[in-house]
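Have a look at the structure below before the remarks.
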Amino acid sequence: MAPKPKGSRPTKGTGLLKGMAVTFNELTQTMWPGEGVSRFKQRPSPAKGAATVQYPHEKEAPAPRARGVIALKEENCTVCMLCVRSCPDWCIYIEGHKEKAPPRRPGGKERTVSALDRFDIDYSLCMYCGICVEVCPFEAIFWSPEYEYSEPRIADLLHDKDRLVEWMETVPDFEPYEAGSDAKVKKVPR
Amino acid sequence: MSAVSNVMALELAYWQVSILRTLGILAAVLLPAGTFVYLFLFKMVSFMQSRLGPMEAGPFGSLQLLAEVGKWLQKEDVTPARADRVLFKIAPYLVVTTVLLVYLAVPFGPDLTFVGGGFTAGIFYAVAIASISTLGVIFAGWASANKYSLIGGLRAGGQLVAYELPLILAVVGVIIQAGTMNMQGIVAAQATGSIFGFDLLGNPYVLTQGLGFLIFMIAVQAELAQTPFDMPVAEAELVTGYMTEYTGMRFLLFFIGEFAAAGSFAAIGATLFLGGWAVPEAWADLDSNLFNLLGPIILLVKMCLLGGLIFFIRFTFPRLREDQLQRFAWTILIPASLFNILATTILKVAF
């Protein structure tokens, strides 16, 4: 870059004042949010001007695709164990057994289906990578944006099948892809 | 203590006076320090960063500091295995004690002085005793047996020596203009003074010693190791410098020392440049007993102005480099303060 002509250099020290003006403006914007001079007439309301949220009292809505907790659609699970084997932390535990099910149409052969006995996710180990959700070929595991499930005892972070199924109703619908995409938007089984 | 017996017309035994003095100095140190932490460290910086700061402990988080103190008191007091134990343990007390002693020279009202009639060599004493806290910092850095602490302590030593000089030289200008080292006398000189015959404002030296005030505030910023000059505790390079190995109560003492020192320098600055506990004499009769009550409040307001400036600058600017800091002190600040003394002397003689 060519050196600037000497005349256009700002006076030394003006940058310091400019920096102090920035922080001072930010302070007044937090105390009296709004535009123009008339905002100084209102009472100081930092709660409105702050960019942050006072968490236990008010909550910030998480993004719809936030990775909060993993929900299970039990009926779709075939006990294929793909999620268990793909989990880098080995935090998914599955047990199942084979069951006889009635034939699909009258006179048909009796079917064999896999039934889920145990499906646990240990959230004290889970690192929220989402590989299990991506690898599941039967649309049985989904991300839910819920995040409030901390526990006083670490053992209680192991969510069993019943608990994981409950998260299912908090799973939001998939959002449409960007324009021009051929991929079909997946549907969340309800 | 002349102050209390004068104000309350009481005869007190020596031990009663001693207790009152101790309580007085603790209040004088801890109240401004707590005010600074809450107003500036907790709230002002939060608003500057578009957040609210502590809100849960007490109304608007005003009791947060007590909660923090309670937390620190519970923590384990660890001394590193290879530390120089004695030096390591006395270093924080040295820092805090010198800060407490600075307040001895500061007058809070017409009769509210810790030494009867005001400390004759007050400002000399205050600046001298304030520089002893440097020793505490160097002790802490050396005794921790930690390379980060040592570098932090050495940086603090070099920085405080470099900035002590412009600080004292800036104060010399005020001493020449007031004609006294007694801080009570400096307050009186400002309250009763006039600028070219205009005496409605008195003569606050921030107006007539503008350059001196500027140099004083820059040097104070460096003395307190606040941000543009915070290389001794540069957290990105040195963990927390000389405080790295300190935990619990002793870390708390360093923390109190930092903010109480900010308060003490703000008190000195307010007394030297903003008129101290007094208002201009044109406004009120300064000898009245009322000012024994109002004086500390007026001084606290002025201290908060200066403290606000210190922390405003701290939270605005990034850190300089160590060599830039030294060059700035020796090539700009010290010549400027020498020029200030020269100009003050010439003008003092001329007028």
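We label chains A, B, ... in the order they appear in the structure tokens, count residues from 1 in each chain, and number ligands from 1 in the order shown.
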
Distance limit 10 Å, atoms considered: only C-alpha atoms. Which chain A residues sit that close to chain B? Return them as a PyMOL selection string.
chain A and resi 16-17+19-31+46-54

For Asp323 in chain B: contacts at 12 Å, only C-alpha atoms, fewer than 6 positions along chain excluded, given as a PyMOL selection string:
chain B and resi 155+158-159+162+229+231+329-331

Contact table range 200-261 of chain B vs range 89-109 of chain B, cut-off 10 Å, shortest pair per residue, only C-alpha atoms, as JSON lines:
{"residue": "B:Met243", "atom": "CA", "partner": "B:Pro92", "partner_atom": "CA", "distance": 9.4}
{"residue": "B:Tyr246", "atom": "CA", "partner": "B:Pro92", "partner_atom": "CA", "distance": 9.2}
{"residue": "B:Met249", "atom": "CA", "partner": "B:Pro92", "partner_atom": "CA", "distance": 9.5}
{"residue": "B:Arg250", "atom": "CA", "partner": "B:Pro92", "partner_atom": "CA", "distance": 6.1}
{"residue": "B:Phe251", "atom": "CA", "partner": "B:Pro92", "partner_atom": "CA", "distance": 7.7}
{"residue": "B:Leu252", "atom": "CA", "partner": "B:Pro92", "partner_atom": "CA", "distance": 8.8}
{"residue": "B:Leu253", "atom": "CA", "partner": "B:Pro92", "partner_atom": "CA", "distance": 5.8}
{"residue": "B:Phe254", "atom": "CA", "partner": "B:Pro92", "partner_atom": "CA", "distance": 5.6}
{"residue": "B:Phe255", "atom": "CA", "partner": "B:Val96", "partner_atom": "CA", "distance": 9.3}
{"residue": "B:Ile256", "atom": "CA", "partner": "B:Val96", "partner_atom": "CA", "distance": 7.3}
{"residue": "B:Gly257", "atom": "CA", "partner": "B:Val96", "partner_atom": "CA", "distance": 4.8}
{"residue": "B:Glu258", "atom": "CA", "partner": "B:Val96", "partner_atom": "CA", "distance": 8.4}
{"residue": "B:Phe259", "atom": "CA", "partner": "B:Val99", "partner_atom": "CA", "distance": 9.6}
{"residue": "B:Ala260", "atom": "CA", "partner": "B:Val99", "partner_atom": "CA", "distance": 6.6}
{"residue": "B:Ala261", "atom": "CA", "partner": "B:Val99", "partner_atom": "CA", "distance": 5.6}

Output C-alpha atoms for every residue in the selection just made, as a PDB file, in the first residue's frame.
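Result went into selection_4.pdb, see below:
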ATOM      1  CA  MET B 243       0.074 -12.933  42.294  1.00  0.00           C
ATOM      2  CA  TYR B 246      -1.250 -16.697  45.924  1.00  0.00           C
ATOM      3  CA  MET B 249      -6.799 -14.859  52.105  1.00  0.00           C
ATOM      4  CA  ARG B 250      -3.453 -13.650  50.761  1.00  0.00           C
ATOM      5  CA  PHE B 251      -4.796 -13.232  47.247  1.00  0.00           C
ATOM      6  CA  LEU B 252      -7.704 -11.314  48.759  1.00  0.00           C
ATOM      7  CA  LEU B 253      -5.200  -9.008  50.482  1.00  0.00           C
ATOM      8  CA  PHE B 254      -3.514  -8.275  47.145  1.00  0.00           C
ATOM      9  CA  PHE B 255      -6.933  -7.603  45.646  1.00  0.00           C
ATOM     10  CA  ILE B 256      -7.885  -5.241  48.468  1.00  0.00           C
ATOM     11  CA  GLY B 257      -4.458  -3.666  48.165  1.00  0.00           C
ATOM     12  CA  GLU B 258      -4.967  -3.009  44.467  1.00  0.00           C
ATOM     13  CA  PHE B 259      -8.296  -1.246  44.908  1.00  0.00           C
ATOM     14  CA  ALA B 260      -7.393   0.458  48.171  1.00  0.00           C
ATOM     15  CA  ALA B 261      -4.294   1.802  46.419  1.00  0.00           C
TER      16      ALA B 261
END

What separation in Å, quoted to one decimal, exists between CA of Leu238 in chain B and CA of Ile151 in chain B?
7.6 Å

Using DSSP secondary structure from the backbone, list all strand (DSSP E) positions within chain A, as an MDAnalysis selection string.
chainID A and resid 69:72 92:101 111:122 141:144 158:159
